[in-house]
Amino acid sequence: MIIFEKAFWFIKKGYMLQLSYKFDFFLRLFFMLFNILTYYFIAKLIGDGAAKYLEPYGGDYFSFVLIGMAFSGYLMISLRSFSESVRDEQMMGTLEAMLVTPTSTSSIIALSSLWNFIFASFRVLMYLIIGIMLGVDMSRANVGGAILILILTIICFSSIGILSASFIMVFKRGDPINMLLMSSSELFGGVLFPIEVFPSWLQNISHILPITYSVNGMRHALLQGYSVSELAPELLTLALFSIVLLPVSLFVFERAVLRVKAEGGLVQY
Amino acid sequence: MICAILYGSINSQETMGMYSIETRDLTKRFVLYRGFLDAIRRSEDRETLTTLNKVNIKVQEGEVFGLLGPNGAGKSTLIKILCTLILPSEGEAYINGYDVVAEGQRVRESLGFVTTDERSFYWRLSGRENLRFFATLYNLPQSAVRARTEELLEVVRLKHRADEPFYSYSAGMKQQMAIARGLLNDPAVLFMDEPTRSLDPGAANDLRRFIKEEIVKEKGKTIFISTHQLDEAEELCDRLAVLDEGRIKASGRPDELKSGLPEGSTLGDVFCHYTGKASLEGHSGSGSGSFPVHIPRQRGRGRGMVGKRGW
């Protein structure tokens with residue numbers, strides 16, 4: 001299976017390039033720890049003060065925010081990874097050499113993002129391990145349910161990322177999809193605080209964002225051990241987002257590639 | 001009549017199959033951006049710049065074909081269209097009989113591309129790792145990747161440095177690596193965009209010798225070279241075309257091109273005759289004899305004491 005061999009080489013290339021920037025790697029881990037500790041102490045400060053809002057998610061703020069931060073990283077990676085991998089390869093000068101090979105443009109862009117997703121998964125794992133060391137209880141976790149949520153989250157977020165990459169390819173800069181979704185997801189997606197703190201009319205915004213279902217589903221699966229049937233509302237909503245967004249994003253991407261090929265801007269940045 | 005149409009179609013297919021590279025009235029117009037609204041306006045309604053204008057080229061199998069032209073003549077655009085990186089606005093182009101628009105993947109399977117851009121490699125990976133990575137993109141199975149990479153490292157004489165990072169290579173070695181990468185899929189057609197541009201005279205001579213001996217004589221590849229180094233074109237190419245302002249001004253064997261001019265004319269004279277431009281950038285610096293420097297015949301400002309044959 002040649003696609004797996006390609007995937008292996010793209011991951012290997014990403015890994016070797018990452019290894020050659022060791023300082024950057026350790027710096028990122030170091031600041032991740034800082035971030036976790038910041039919220040750990042904020043959680044201590046809050047104590048039981050927010051119990052009313054946190055009840056549906058297990059009742060503990062640190063557990064709530066840890067899952068939110070860890071899995072919102074996937075949204076960030078999905079939104080940025082495809083467009084950034086195009087841009088990085090353009091800037092490094094390697095994109096043209098890849099595009100004259102028989103591997104399709106869409107495969108090159110998808111495979112170029114693989115390492116970023118693996119690195120994001122490593123970060124999530126680190127978040128969870130550090131969280132457990134700091135007292136987060138995941139003894140009841142439904143790992144299978146969490147994996148289902150994760151798969152749908154990646155498909156859904158990647159579709160939005162492909163739309164974002166299409167925009168970047170044509171317009172080069174100033175992608176509104178990325179900006180709008182990142183900032184609205186951080187505020188309304190229930191990453192750092194439960195959406196129940198909003199007035200009900202603002203909660204409507206939260207309900208149209210995929211991240212809301214993703215982080216809530218993860219909390220229910222990992223902290224409260226919900227079964228797959230109990231996770232059905234989140235799973236079905238994420239599946240619906242994926243069914244709509246994936247074909248639309250692939251269609252838009254194909255049109256964007258044709259447009260930049262006609263305009264000669266495929267390898268420009 | 002139907003027979004005639006069918007015959008015409010079959011005949012056209014046969015003719016197409018005879019050439020490794022063929023273009024028919026190939027035209028490229030780039031849309032010019034004047035403002036933000038252009039980004040959402042239909043392409044047909046926007047101002048355009050014609051970079052290639054009805055270009056017709058036919059390159060036989062095993063031929064070394066050179067494309068001469070000053071900067072901005074459209075050489076790189078033509079190569080990018082033939083390599084499927086850019087879509088043409090009008091006309092047709094075929095590589096090994098495959099349509100560059102409709103059969104992009106087949107085209108890319110048939111060609112190798114050698115670029116002068118050193119940055120087209122991953123500098124922090126070794127030469128061997130770079131070649132293996134790109135070999136996978138050419139759909140070679142892993143068993144073949146290793147063998148092909150080792151074979152090509154041998155061919156370009158870089159096996160002894162193959163595990164060193166790419167950034168530690170000299171300009172000549174980087175160019176050899178670009179050639180090795182271009183040959184990874186054993187292509188029928190090899191495109192080379194100014195292959196000796198960044199090399200010193202010695203390295204440029206070595207590379208020309210390598211192209212001539214190893215790639216042309218040994219492997220019998222069809223080569224399409226874009227260059228503005230005239231001595232290189234004369235040394236390597238069986239046939240040449242002069243491209244200027246998007247049009248093919250002349251084409252033929254070097255001696256045919258010179259035969260229309262006064263006896264003793266050089267390729268520099270041919271270039272000047274057909275483009276009306278000085279070819280200052282054509283100096284290869286290879287030390288292989290003096291190179292004529294011309295003032296444009298039509299645009300000359302009478303600044304120098306320049307004859308038709310140069311200084």
# chains A, B, ... in the order shown; residues from 1 in each chain; ligands from 1

call {"tool": "closest_atom_pairs", "arguments": {"of": "chain B", "to": "chain A", "cutoff": "7 Å", "atoms": "only C-alpha atoms", "output": "CSV"}}
result
residue,atom,partner,partner_atom,distance
B:Phe30,CA,A:Glu263,CA,6.0
B:Val31,CA,A:Glu263,CA,6.5
B:Cys83,CA,A:Val100,CA,6.1
B:Leu85,CA,A:Lys261,CA,6.3
B:Ile86,CA,A:Lys261,CA,4.6
B:Leu87,CA,A:Ala262,CA,4.8
B:Pro88,CA,A:Ala262,CA,6.9
B:Gln105,CA,A:Pro102,CA,5.1
B:Arg108,CA,A:Pro102,CA,5.1
B:Glu109,CA,A:Pro102,CA,5.4
B:Arg119,CA,A:Gly93,CA,5.0
B:Ser120,CA,A:Thr94,CA,4.0
B:Phe121,CA,A:Thr94,CA,5.9
B:Arg124,CA,A:Leu17,CA,6.7
B:Phe133,CA,A:Trp9,CA,6.0
B:Thr136,CA,A:Lys6,CA,5.8
B:Leu137,CA,A:Thr103,CA,5.7
B:Tyr138,CA,A:Thr101,CA,5.5
B:Asn139,CA,A:Ile2,CA,6.5
B:Pro141,CA,A:Ile2,CA,6.5

call {"tool": "atom_distance", "arguments": {"atom1": "atom CA of Ile57 of chain B", "atom2": "atom CA of Ala204 of chain B"}}
result
27.0 Å

call {"tool": "residues_around", "arguments": {"residues": "segment 51-66 of chain A", "least_positions_apart": "3", "cutoff": "7 Å", "atoms": "only C-alpha atoms", "output": "list in words"}}
result
Tyr39, Tyr40, Ala43, Asp48, Met69, Ala70, Gly131, Val136, Val191, Leu192, Pro194, Glu196, Val197, Arg219, His220, Leu223 and Gln224 of chain A

call {"tool": "residues_around", "arguments": {"residues": "Phe210 of chain B", "least_positions_apart": "3", "cutoff": "12 Å", "atoms": "only C-alpha atoms", "output": "ChimeraX atom specification"}}
result
/B:155-157,172,175-176,179-180,195-196,203-207,213-219,236

call {"tool": "residues_around", "arguments": {"residues": "Ala250 of chain B", "least_positions_apart": "4", "cutoff": "8 Å", "atoms": "only C-alpha atoms", "output": "PDB file with C-alpha atoms, in the first residue's frame"}}
result
ATOM      1  CA  ALA B 241      14.173  27.291 -30.062  1.00  0.00           C
ATOM      2  CA  VAL B 242      14.472  30.997 -29.382  1.00  0.00           C
ATOM      3  CA  LEU B 243      11.605  32.207 -27.228  1.00  0.00           C
ATOM      4  CA  LEU B 257      19.963  28.707 -37.015  1.00  0.00           C
ATOM      5  CA  TYR B 274      15.817  37.011 -33.366  1.00  0.00           C
TER       6      TYR B 274
END

call {"tool": "residues_around", "arguments": {"residues": "Val215 of chain A", "least_positions_apart": "5", "cutoff": "12 Å", "atoms": "only C-alpha atoms", "output": "JSON, numbers by chain"}}
result
{"A": [57, 63, 64, 65, 66, 67, 68, 69, 70, 71, 72, 73, 74, 75, 146, 149, 150, 152, 153, 185, 186, 188, 189, 190, 191, 192, 193, 194, 195, 206, 209, 210, 220, 221, 222, 223, 231, 234, 235, 238]}

call {"tool": "closest_residue", "arguments": {"among": "A:Met76, A:Ile168, A:Phe251, A:Cys156", "to": "Leu236 of chain A", "atoms": "only C-alpha atoms"}}
result
A:Cys156

call {"tool": "residues_around", "arguments": {"residues": "Leu131 of chain B", "least_positions_apart": "4", "cutoff": "12 Å", "atoms": "only C-alpha atoms", "output": "VMD selection string"}}
result
(chain A and resid 9 13 97 to 98) or (chain B and resid 120 to 122 125 to 127 135 to 138 140 145 to 153 158 to 159 162 to 163 166 174 176 to 185)

call {"tool": "select_by_dssp", "arguments": {"residues": "segment 21-265 of chain A", "states": "helix (DSSP H, G or I)", "output": "ChimeraX atom specification"}}
result
/A:22-46,51-57,61-92,95-99,105-133,143-171,176-188,195-197,200-207,210-222,232-263

call {"tool": "closest_residue", "arguments": {"among": "B:Lys221, B:Arg29, B:Arg24, B:Lys54", "to": "Leu111 of chain B", "atoms": "only C-alpha atoms"}}
result
B:Lys221

call {"tool": "decode", "arguments": {"residues": "segment 112-241 of chain B", "atoms": "C-alpha atoms", "output": "mmCIF file, in the first residue's frame"}}
result
data_model
loop_
_atom_site.group_PDB
_atom_site.id
_atom_site.type_symbol
_atom_site.label_atom_id
_atom_site.label_comp_id
_atom_site.auth_asym_id
_atom_site.auth_seq_id
_atom_site.Cartn_x
_atom_site.Cartn_y
_atom_site.Cartn_z
ATOM 1 C CA GLY B 112 11.588 14.381 -14.210
ATOM 2 C CA PHE B 113 12.173 17.983 -13.242
ATOM 3 C CA VAL B 114 15.566 19.421 -12.377
ATOM 4 C CA THR B 115 15.348 22.827 -10.790
ATOM 5 C CA THR B 116 18.193 25.143 -9.861
ATOM 6 C CA ASP B 117 16.484 26.070 -6.626
ATOM 7 C CA GLU B 118 18.680 24.646 -3.863
ATOM 8 C CA ARG B 119 15.852 25.229 -1.424
ATOM 9 C CA SER B 120 13.778 22.550 -3.108
ATOM 10 C CA PHE B 121 15.432 20.024 -0.758
ATOM 11 C CA TYR B 122 15.097 19.624 3.006
ATOM 12 C CA TRP B 123 18.357 21.131 4.201
ATOM 13 C CA ARG B 124 18.370 19.428 7.572
ATOM 14 C CA LEU B 125 17.908 15.969 6.112
ATOM 15 C CA SER B 126 20.759 14.054 4.509
ATOM 16 C CA GLY B 127 21.085 13.614 0.760
ATOM 17 C CA ARG B 128 20.029 9.973 1.053
ATOM 18 C CA GLU B 129 16.971 10.813 3.192
ATOM 19 C CA ASN B 130 15.936 13.514 0.727
ATOM 20 C CA LEU B 131 16.134 11.117 -2.212
ATOM 21 C CA ARG B 132 14.216 8.395 -0.368
ATOM 22 C CA PHE B 133 11.490 10.838 0.579
ATOM 23 C CA PHE B 134 11.010 12.053 -2.997
ATOM 24 C CA ALA B 135 11.275 8.493 -4.363
ATOM 25 C CA THR B 136 8.197 7.576 -2.312
ATOM 26 C CA LEU B 137 6.303 10.477 -3.886
ATOM 27 C CA TYR B 138 7.108 8.942 -7.288
ATOM 28 C CA ASN B 139 5.099 5.879 -6.169
ATOM 29 C CA LEU B 140 8.139 3.615 -5.983
ATOM 30 C CA PRO B 141 7.561 0.696 -3.598
ATOM 31 C CA GLN B 142 9.861 0.653 -0.557
ATOM 32 C CA SER B 143 11.865 -2.249 -1.963
ATOM 33 C CA ALA B 144 12.655 -0.171 -5.061
ATOM 34 C CA VAL B 145 13.210 3.087 -3.159
ATOM 35 C CA ARG B 146 16.383 1.858 -1.485
ATOM 36 C CA ALA B 147 17.872 0.313 -4.632
ATOM 37 C CA ARG B 148 17.022 3.294 -6.850
ATOM 38 C CA THR B 149 18.405 5.797 -4.345
ATOM 39 C CA GLU B 150 21.695 3.913 -4.007
ATOM 40 C CA GLU B 151 21.979 3.546 -7.773
ATOM 41 C CA LEU B 152 21.474 7.264 -8.344
ATOM 42 C CA LEU B 153 23.851 8.270 -5.558
ATOM 43 C CA GLU B 154 26.407 6.153 -7.394
ATOM 44 C CA VAL B 155 25.553 7.776 -10.729
ATOM 45 C CA VAL B 156 25.977 11.322 -9.378
ATOM 46 C CA ARG B 157 29.067 10.237 -7.386
ATOM 47 C CA LEU B 158 27.711 11.368 -4.027
ATOM 48 C CA LYS B 159 27.522 8.066 -2.185
ATOM 49 C CA HIS B 160 30.423 8.993 0.089
ATOM 50 C CA ARG B 161 28.573 12.135 1.289
ATOM 51 C CA ALA B 162 25.033 10.697 1.208
ATOM 52 C CA ASP B 163 24.538 10.667 4.984
ATOM 53 C CA GLU B 164 25.654 14.246 5.521
ATOM 54 C CA PRO B 165 23.039 16.995 5.850
ATOM 55 C CA PHE B 166 22.046 18.620 2.586
ATOM 56 C CA TYR B 167 23.126 22.062 3.826
ATOM 57 C CA SER B 168 26.743 20.889 3.971
ATOM 58 C CA TYR B 169 26.883 20.225 0.213
ATOM 59 C CA SER B 170 28.541 22.548 -2.282
ATOM 60 C CA ALA B 171 26.454 24.217 -5.013
ATOM 61 C CA GLY B 172 27.684 21.635 -7.520
ATOM 62 C CA MET B 173 26.739 18.728 -5.259
ATOM 63 C CA LYS B 174 23.306 20.228 -4.656
ATOM 64 C CA GLN B 175 22.802 20.430 -8.394
ATOM 65 C CA GLN B 176 23.913 16.811 -8.795
ATOM 66 C CA MET B 177 21.350 15.892 -6.147
ATOM 67 C CA ALA B 178 18.682 17.767 -8.133
ATOM 68 C CA ILE B 179 19.592 15.685 -11.179
ATOM 69 C CA ALA B 180 19.482 12.475 -9.129
ATOM 70 C CA ARG B 181 16.020 13.429 -7.889
ATOM 71 C CA GLY B 182 14.897 14.175 -11.455
ATOM 72 C CA LEU B 183 15.909 10.659 -12.464
ATOM 73 C CA LEU B 184 14.229 8.847 -9.541
ATOM 74 C CA ASN B 185 11.273 7.599 -11.584
ATOM 75 C CA ASP B 186 13.474 6.806 -14.604
ATOM 76 C CA PRO B 187 11.510 9.387 -16.620
ATOM 77 C CA ALA B 188 11.212 9.393 -20.383
ATOM 78 C CA VAL B 189 11.532 13.188 -20.421
ATOM 79 C CA LEU B 190 13.765 15.300 -18.216
ATOM 80 C CA PHE B 191 13.128 19.024 -17.820
ATOM 81 C CA MET B 192 16.038 21.168 -16.704
ATOM 82 C CA ASP B 193 15.481 24.790 -15.832
ATOM 83 C CA GLU B 194 18.818 26.600 -16.168
ATOM 84 C CA PRO B 195 20.773 23.665 -14.724
ATOM 85 C CA THR B 196 24.127 25.448 -14.376
ATOM 86 C CA ARG B 197 22.898 28.854 -13.228
ATOM 87 C CA SER B 198 24.404 28.895 -9.764
ATOM 88 C CA LEU B 199 27.572 26.971 -10.547
ATOM 89 C CA ASP B 200 31.141 28.194 -10.915
ATOM 90 C CA PRO B 201 32.767 27.641 -14.343
ATOM 91 C CA GLY B 202 34.492 24.390 -13.354
ATOM 92 C CA ALA B 203 31.383 22.878 -11.793
ATOM 93 C CA ALA B 204 29.279 24.030 -14.760
ATOM 94 C CA ASN B 205 31.642 22.279 -17.181
ATOM 95 C CA ASP B 206 31.580 19.124 -15.068
ATOM 96 C CA LEU B 207 27.816 19.142 -14.970
ATOM 97 C CA ARG B 208 27.520 19.659 -18.736
ATOM 98 C CA ARG B 209 29.893 16.752 -19.259
ATOM 99 C CA PHE B 210 27.827 14.661 -16.872
ATOM 100 C CA ILE B 211 24.555 15.501 -18.653
ATOM 101 C CA LYS B 212 26.097 14.684 -22.012
ATOM 102 C CA GLU B 213 27.824 11.445 -21.046
ATOM 103 C CA GLU B 214 25.595 9.929 -18.369
ATOM 104 C CA ILE B 215 22.093 11.132 -19.116
ATOM 105 C CA VAL B 216 22.090 11.576 -22.875
ATOM 106 C CA LYS B 217 24.551 8.934 -24.117
ATOM 107 C CA GLU B 218 24.126 6.320 -21.391
ATOM 108 C CA LYS B 219 20.433 6.638 -20.593
ATOM 109 C CA GLY B 220 19.102 8.095 -23.852
ATOM 110 C CA LYS B 221 16.639 10.450 -22.157
ATOM 111 C CA THR B 222 14.721 13.184 -23.933
ATOM 112 C CA ILE B 223 15.942 16.408 -22.377
ATOM 113 C CA PHE B 224 14.323 19.801 -22.445
ATOM 114 C CA ILE B 225 16.721 22.482 -21.216
ATOM 115 C CA SER B 226 15.789 26.046 -20.594
ATOM 116 C CA THR B 227 18.805 28.318 -20.501
ATOM 117 C CA HIS B 228 20.145 31.698 -21.407
ATOM 118 C CA GLN B 229 23.715 30.424 -21.466
ATOM 119 C CA LEU B 230 24.444 30.150 -25.140
ATOM 120 C CA ASP B 231 27.651 28.114 -25.023
ATOM 121 C CA GLU B 232 25.819 25.574 -22.877
ATOM 122 C CA ALA B 233 23.000 25.403 -25.413
ATOM 123 C CA GLU B 234 25.448 24.945 -28.284
ATOM 124 C CA GLU B 235 27.370 22.234 -26.450
ATOM 125 C CA LEU B 236 24.402 20.187 -25.281
ATOM 126 C CA CYS B 237 21.457 20.647 -27.595
ATOM 127 C CA ASP B 238 20.513 18.853 -30.796
ATOM 128 C CA ARG B 239 17.923 21.514 -31.552
ATOM 129 C CA LEU B 240 17.066 24.899 -30.142
ATOM 130 C CA ALA B 241 14.173 27.291 -30.062
#
